[in-house]
>>> print(open('data-v8.txt').read())   # compact mmCIF, C-alpha atoms
# COMPACT_ATOMS: atom_id res chain seq x y z
CA ASP A 3 25.08 0.79 0.71
CA THR A 4 25.22 -1.34 -2.40
CA GLY A 5 21.73 -2.77 -2.34
CA VAL A 6 19.66 -5.62 -0.96
CA SER A 7 21.83 -8.48 0.24
CA GLN A 8 20.69 -12.07 0.65
CA ASP A 9 22.51 -14.94 2.28
CA PRO A 10 23.16 -17.67 1.37
CA ARG A 11 22.99 -17.48 -2.40
CA HIS A 12 22.51 -21.20 -2.72
CA LYS A 13 21.27 -23.83 -0.30
CA ILE A 14 20.94 -27.56 -0.81
CA THR A 15 19.14 -29.40 1.94
CA LYS A 16 17.64 -32.78 2.56
CA ARG A 17 13.91 -33.16 2.76
CA GLY A 18 12.69 -32.70 6.30
CA GLN A 19 15.48 -30.33 7.35
CA ASN A 20 14.94 -26.75 8.45
CA VAL A 21 16.53 -23.86 6.57
CA THR A 22 16.86 -20.16 7.33
CA PHE A 23 17.58 -17.37 4.88
CA ARG A 24 18.67 -13.84 5.68
CA CYS A 25 17.94 -10.58 3.93
CA ASP A 26 19.61 -7.24 4.60
CA PRO A 27 17.60 -4.44 2.98
CA ILE A 28 18.85 -1.08 1.84
CA SER A 29 19.47 0.77 5.09
CA GLU A 30 16.89 3.53 4.85
CA HIS A 31 14.12 1.27 3.58
CA ASN A 32 11.29 0.55 5.98
CA ARG A 33 9.46 -1.93 3.75
CA LEU A 34 10.65 -5.46 3.21
CA TYR A 35 9.16 -8.19 1.03
CA TRP A 36 9.72 -11.89 0.53
CA TYR A 37 8.81 -13.51 -2.77
CA ARG A 38 9.20 -17.01 -4.16
CA GLN A 39 10.01 -17.65 -7.80
CA THR A 40 9.94 -21.02 -9.52
CA LEU A 41 11.38 -21.73 -12.94
CA GLY A 42 9.50 -20.02 -15.71
CA GLN A 43 7.21 -18.14 -13.35
CA GLY A 44 6.98 -14.66 -12.00
CA PRO A 45 7.68 -13.87 -8.35
CA GLU A 46 4.89 -14.88 -5.98
CA PHE A 47 4.27 -12.76 -2.92
CA LEU A 48 4.94 -14.43 0.41
CA THR A 49 4.98 -11.73 3.07
CA TYR A 50 5.56 -8.05 3.73
CA PHE A 51 6.98 -6.05 6.64
CA GLN A 52 6.75 -2.39 7.41
CA ASN A 53 9.48 -1.75 9.94
CA GLU A 54 9.24 -4.70 12.34
CA ALA A 55 5.53 -5.36 11.79
CA GLN A 56 4.50 -8.19 9.50
CA LEU A 57 1.50 -6.62 7.80
CA GLU A 58 0.54 -9.19 5.21
CA LYS A 59 1.07 -12.90 4.61
CA SER A 60 0.12 -14.87 1.56
CA ARG A 61 -1.94 -18.03 1.77
CA LEU A 62 1.12 -19.59 0.10
CA LEU A 63 2.92 -19.15 3.41
CA SER A 64 2.04 -22.38 5.16
CA ASP A 65 2.58 -23.10 8.83
CA ARG A 66 6.04 -24.39 7.95
CA PHE A 67 7.11 -20.91 6.85
CA SER A 68 7.88 -18.10 9.25
CA ALA A 69 9.45 -14.72 8.73
CA GLU A 70 10.76 -12.17 11.17
CA ARG A 71 12.20 -8.71 11.02
CA PRO A 72 13.50 -7.87 14.47
CA LYS A 73 14.09 -4.17 15.08
CA GLY A 74 12.98 -3.39 11.57
CA SER A 75 16.36 -4.10 10.07
CA PHE A 76 17.34 -7.43 8.53
CA SER A 77 14.82 -10.20 8.02
CA THR A 78 14.91 -13.97 8.19
CA LEU A 79 12.74 -16.50 6.43
CA GLU A 80 12.65 -19.97 7.94
CA ILE A 81 11.22 -23.07 6.34
CA GLN A 82 10.67 -26.01 8.64
CA ARG A 83 10.48 -29.64 7.53
CA THR A 84 11.37 -28.77 3.95
CA GLU A 85 9.62 -30.54 1.09
CA GLN A 86 10.72 -30.97 -2.52
CA GLY A 87 8.04 -28.51 -3.55
CA ASP A 88 9.83 -25.82 -1.57
CA SER A 89 12.65 -25.84 -4.13
CA ALA A 90 12.63 -22.35 -5.62
CA MET A 91 14.39 -19.01 -5.68
CA TYR A 92 13.52 -16.93 -2.63
CA LEU A 93 13.71 -13.22 -3.35
CA CYS A 94 13.87 -10.38 -0.89
CA ALA A 95 13.05 -6.81 -1.81
CA SER A 96 12.96 -3.54 0.06
CA GLY A 97 11.45 -0.13 -0.46
CA ARG A 98 10.43 3.10 1.23
CA THR A 99 7.06 4.35 2.26
CA GLY A 100 5.73 6.97 -0.11
CA GLN A 101 4.45 7.44 -3.59
CA ASN A 102 6.02 5.94 -6.63
CA THR A 103 8.48 3.89 -4.70
CA GLU A 104 9.81 0.86 -6.44
CA ALA A 105 10.92 -2.35 -4.81
CA PHE A 106 14.64 -3.07 -4.96
CA PHE A 107 15.42 -6.75 -5.21
CA GLY A 108 18.29 -8.85 -3.95
CA GLN A 109 19.89 -11.59 -5.97
CA GLY A 110 17.90 -14.26 -4.21
CA THR A 111 18.59 -17.52 -2.41
CA ARG A 112 18.20 -20.62 -4.53
CA LEU A 113 16.91 -23.51 -2.44
CA THR A 114 17.17 -27.10 -3.64
CA VAL A 115 15.51 -29.77 -1.54
CA VAL A 116 16.76 -33.29 -2.29
CA ALA B 25 -8.10 -9.79 -6.58
CA GLN B 26 -5.77 -8.17 -9.02
CA THR B 27 -4.06 -10.20 -11.71
CA VAL B 28 -1.34 -9.50 -14.25
CA THR B 29 -1.11 -11.40 -17.53
CA GLN B 30 1.81 -11.57 -19.92
CA SER B 31 0.75 -13.60 -22.93
CA GLN B 32 4.12 -13.74 -24.68
CA PRO B 33 6.38 -16.34 -23.04
CA GLU B 34 9.21 -15.48 -25.42
CA MET B 35 10.04 -12.77 -27.93
CA SER B 36 12.97 -12.22 -30.26
CA VAL B 37 14.28 -9.00 -31.73
CA GLN B 38 17.14 -8.15 -34.03
CA GLU B 39 19.80 -5.90 -32.57
CA ALA B 40 18.96 -2.21 -33.20
CA GLU B 41 15.32 -3.01 -33.94
CA THR B 42 12.24 -2.25 -31.86
CA VAL B 43 10.19 -4.74 -29.87
CA THR B 44 6.99 -4.44 -27.85
CA LEU B 45 6.17 -6.63 -24.87
CA SER B 46 2.54 -6.96 -23.86
CA CYS B 47 0.94 -6.86 -20.44
CA THR B 48 -2.67 -6.75 -19.36
CA TYR B 49 -4.01 -6.54 -15.85
CA ASP B 50 -7.28 -6.82 -14.05
CA THR B 51 -8.33 -4.56 -11.20
CA SER B 52 -11.35 -2.75 -9.92
CA GLU B 53 -9.22 0.04 -8.47
CA SER B 54 -8.73 3.41 -10.08
CA ASP B 55 -5.42 4.33 -8.50
CA TYR B 56 -2.40 2.08 -8.78
CA TYR B 57 1.14 1.79 -10.10
CA LEU B 58 2.47 -0.33 -12.92
CA PHE B 59 6.05 -1.43 -13.40
CA TRP B 60 8.28 -3.25 -15.81
CA TYR B 61 11.16 -5.13 -14.22
CA LYS B 62 14.11 -6.73 -16.02
CA GLN B 63 15.75 -9.92 -14.72
CA PRO B 64 18.99 -10.79 -16.55
CA PRO B 65 20.18 -14.40 -16.28
CA SER B 66 21.43 -15.15 -12.75
CA ARG B 67 21.16 -11.51 -11.76
CA GLN B 68 18.78 -9.50 -9.67
CA MET B 69 15.66 -7.82 -10.92
CA ILE B 70 15.93 -4.15 -11.68
CA LEU B 71 13.29 -1.59 -12.44
CA VAL B 72 13.02 -0.57 -16.08
CA ILE B 73 10.12 1.86 -15.95
CA ARG B 74 7.06 2.73 -13.89
CA GLN B 75 3.71 4.38 -14.57
CA GLU B 76 1.27 6.00 -12.19
CA ALA B 77 -2.32 5.24 -13.17
CA TYR B 78 -3.45 8.79 -12.54
CA LYS B 79 -1.03 10.10 -15.15
CA GLN B 80 -2.27 10.07 -18.71
CA GLN B 81 1.16 10.68 -20.15
CA ASN B 82 3.09 7.55 -21.01
CA ALA B 83 6.35 7.09 -19.12
CA THR B 84 9.64 7.01 -20.99
CA GLU B 85 13.16 6.16 -19.88
CA ASN B 86 15.72 6.55 -22.64
CA ARG B 87 15.12 3.66 -25.08
CA PHE B 88 12.22 2.30 -23.01
CA SER B 89 8.67 3.59 -23.22
CA VAL B 90 5.25 2.33 -22.29
CA ASN B 91 1.83 2.45 -23.90
CA PHE B 92 -0.58 2.73 -20.98
CA GLN B 93 -4.21 2.23 -21.92
CA LYS B 94 -6.14 2.52 -18.66
CA ALA B 95 -9.57 1.72 -20.03
CA ALA B 96 -8.27 -1.36 -21.78
CA LYS B 97 -6.11 -2.28 -18.76
CA SER B 98 -3.12 -2.65 -20.99
CA PHE B 99 0.49 -1.70 -20.25
CA SER B 100 2.95 -2.59 -22.99
CA LEU B 101 6.69 -1.94 -23.01
CA LYS B 102 8.48 -0.75 -26.13
CA ILE B 103 12.22 -1.17 -26.38
CA SER B 104 13.81 0.86 -29.15
CA ASP B 105 17.25 0.30 -30.67
CA SER B 106 17.52 -3.07 -28.94
CA GLN B 107 20.92 -3.99 -27.56
CA LEU B 108 22.44 -7.35 -26.66
CA GLY B 109 22.31 -6.32 -23.01
CA ASP B 110 18.53 -6.08 -23.19
CA ALA B 111 18.29 -9.87 -23.31
CA ALA B 112 16.53 -10.90 -20.12
CA MET B 113 13.23 -11.89 -18.56
CA TYR B 114 10.84 -8.97 -18.35
CA PHE B 115 8.13 -8.90 -15.73
CA CYS B 116 5.12 -6.63 -15.61
CA ALA B 117 3.96 -5.78 -12.09
CA TYR B 118 1.02 -4.07 -10.43
CA ARG B 119 0.84 -2.35 -7.08
CA SER B 120 -2.24 -0.86 -5.54
CA ALA B 121 -2.11 2.73 -4.32
CA ALA B 122 -4.71 2.04 -1.63
CA PRO B 123 -3.44 2.56 1.92
CA GLY B 124 -2.46 -0.69 3.59
CA THR B 125 -1.82 -2.61 0.38
CA TYR B 126 1.80 -2.65 -0.63
CA LYS B 127 2.50 -5.93 -2.35
CA TYR B 128 3.57 -6.14 -5.96
CA ILE B 129 1.74 -8.60 -8.20
CA PHE B 130 3.80 -9.96 -11.06
CA GLY B 131 3.02 -11.55 -14.38
CA THR B 132 4.67 -14.74 -15.57
CA GLY B 133 7.26 -12.91 -17.60
CA THR B 134 8.45 -12.64 -21.19
CA ARG B 135 11.87 -13.89 -22.16
CA LEU B 136 13.46 -11.47 -24.62
CA LYS B 137 16.17 -12.71 -26.95
CA VAL B 138 18.26 -10.19 -28.86
CA LEU B 139 19.79 -11.50 -32.06
CA ALA B 140 23.09 -10.09 -33.27
>>> encode(input="data-v8.txt", output="structure tokens")
Amino acid sequence: DTGVSQDPRHKITKRGQNVTFRCDPISEHNRLYWYRQTLGQGPEFLTYFQNEAQLEKSRLLSDRFSAERPKGSFSTLEIQRTEQGDSAMYLCASGRTGQNTEAFFGQGTRLTVV
Amino acid sequence: AQTVTQSQPEMSVQEAETVTLSCTYDTSESDYYLFWYKQPPSRQMILVIRQEAYKQQNATENRFSVNFQKAAKSFSLKISDSQLGDAAMYFCAYRSAAPGTYKYIFGTGTRLKVLA
């Protein structure tokens, strides 16, 4: 396994359209995170899964955002009725339960809403 | 709520020289983890170094070392013998060790330029 994989790498969409991103974590990792990063800023936490359970959601995650992780494997992040302010890099990370475990990041999906 | 502050938006260092990136954080917890992540241009973030708050000894990884001052809530990164490949955004991150809290909180980053 070569690491966390995200698809697509780039997405351009028109305002008001729905978009869905996919993340495939490292296979033995039970934790999965979604972050959003805008230019010149650090990653902002969106949501976290342990196995298939979504354990925490940020207040940043409005009703237009939804994330799933069926069967505790890959995850999807959907944004409905996209707005220009949704333009950002969406990062996925995975990790294992236990002490000292780092988060391993994917290369991200860059979303541009026009 | 915990916060992480990186007060240096950009730093420059001459190749082969040493540079220190600053990070401060705010928390009321006593047990937590601190990380430095590197994000090269258009590439994924990778872990540079991590520190457990319960350890007094500063972590080191080859040319990278930290100065962890728990009382001052300071966690700086020292890069020795800087190389061109060290040029990147560097993010300081905090993670609680409390059960049930697993998110990483990041600072705004420091862009490091390495001059040949």
>>> interface_residues(input="data-v8.txt", of="chain B", to="chain A", cutoff="7 Å", atoms="only C-alpha atoms", output="PDB file with C-alpha atoms, in the coordinates of the input")
ATOM      1  CA  ARG B  67      21.160 -11.510 -11.760  1.00  0.00           C
ATOM      2  CA  GLN B  68      18.780  -9.500  -9.670  1.00  0.00           C
ATOM      3  CA  MET B  69      15.660  -7.820 -10.920  1.00  0.00           C
ATOM      4  CA  ILE B  70      15.930  -4.150 -11.680  1.00  0.00           C
ATOM      5  CA  PHE B 115       8.130  -8.900 -15.730  1.00  0.00           C
ATOM      6  CA  PHE B 130       3.800  -9.960 -11.060  1.00  0.00           C
ATOM      7  CA  GLY B 131       3.020 -11.550 -14.380  1.00  0.00           C
ATOM      8  CA  THR B 132       4.670 -14.740 -15.570  1.00  0.00           C
ATOM      9  CA  GLY B 133       7.260 -12.910 -17.600  1.00  0.00           C
TER      10      GLY B 133
END
>>> atom_distance(input="data-v8.txt", atom1="CA of Thr84 in chain A", atom2="CA of Val21 in chain A")
7.6 Å
>>> atom_distance(input="data-v8.txt", atom1="CA of His12 in chain A", atom2="CA of Arg112 in chain A")
4.7 Å
>>> closest_residue(input="data-v8.txt", among="A:Leu63, A:Ser96, A:Glu70, A:Leu113", to="Ser29 in chain A", atoms="only C-alpha atoms")
A:Ser96
>>> residues_around(input="data-v8.txt", residues="Gln80 in chain B", least_positions_apart="5", cutoff="9 Å", atoms="all atoms listed in the file", output="PyMOL selection string")
chain B and resi 92-94
>>> atom_distance(input="data-v8.txt", atom1="CA of Met35 in chain B", atom2="CA of Leu41 in chain A")
17.5 Å
>>> residues_around(input="data-v8.txt", residues="Val90 in chain B", least_positions_apart="3", cutoff="7 Å", atoms="all atoms listed in the file", output="MDAnalysis selection string")
chainID B and resid 82:84 99:102
>>> residues_around(input="data-v8.txt", residues="Arg71 in chain A", least_positions_apart="4", cutoff="8 Å", atoms="only C-alpha atoms", output="list in words")
Phe51, Asn53, Glu54, Ala55, Gln56, Ser75, Phe76, Ser77 and Thr78 of chain A
>>> residues_near_point(input="data-v8.txt", point="(14.7, 0.3, -24.9)", cutoff="6 Å", atoms="only C-alpha atoms", output="VMD selection string")
chain B and resid 87 to 88 103 to 104 106
>>> closest_residue(input="data-v8.txt", among="B:Ala40, B:Cys47, B:Met113, B:Leu139", to="Leu71 in chain B", atoms="all atoms listed in the file")
B:Met113
>>> closest_residue(input="data-v8.txt", among="A:Ser68, A:Thr40, A:Gln82, A:Ser7", to="Cys94 in chain A", atoms="only C-alpha atoms")
A:Ser7
>>> residues_near_point(input="data-v8.txt", point="(-0.7, 0.2, -5.6)", cutoff="12 Å", atoms="only C-alpha atoms", output="JSON, numbers by chain")
{"A": [99, 100, 101, 102, 103, 104, 105], "B": [26, 51, 52, 53, 54, 55, 56, 57, 58, 59, 74, 75, 76, 77, 78, 117, 118, 119, 120, 121, 122, 123, 124, 125, 126, 127, 128, 129]}
>>> closest_residue(input="data-v8.txt", among="A:Met91, A:Thr114, A:Arg98, A:Glu85", to="Gly18 in chain A", atoms="only C-alpha atoms")
A:Glu85
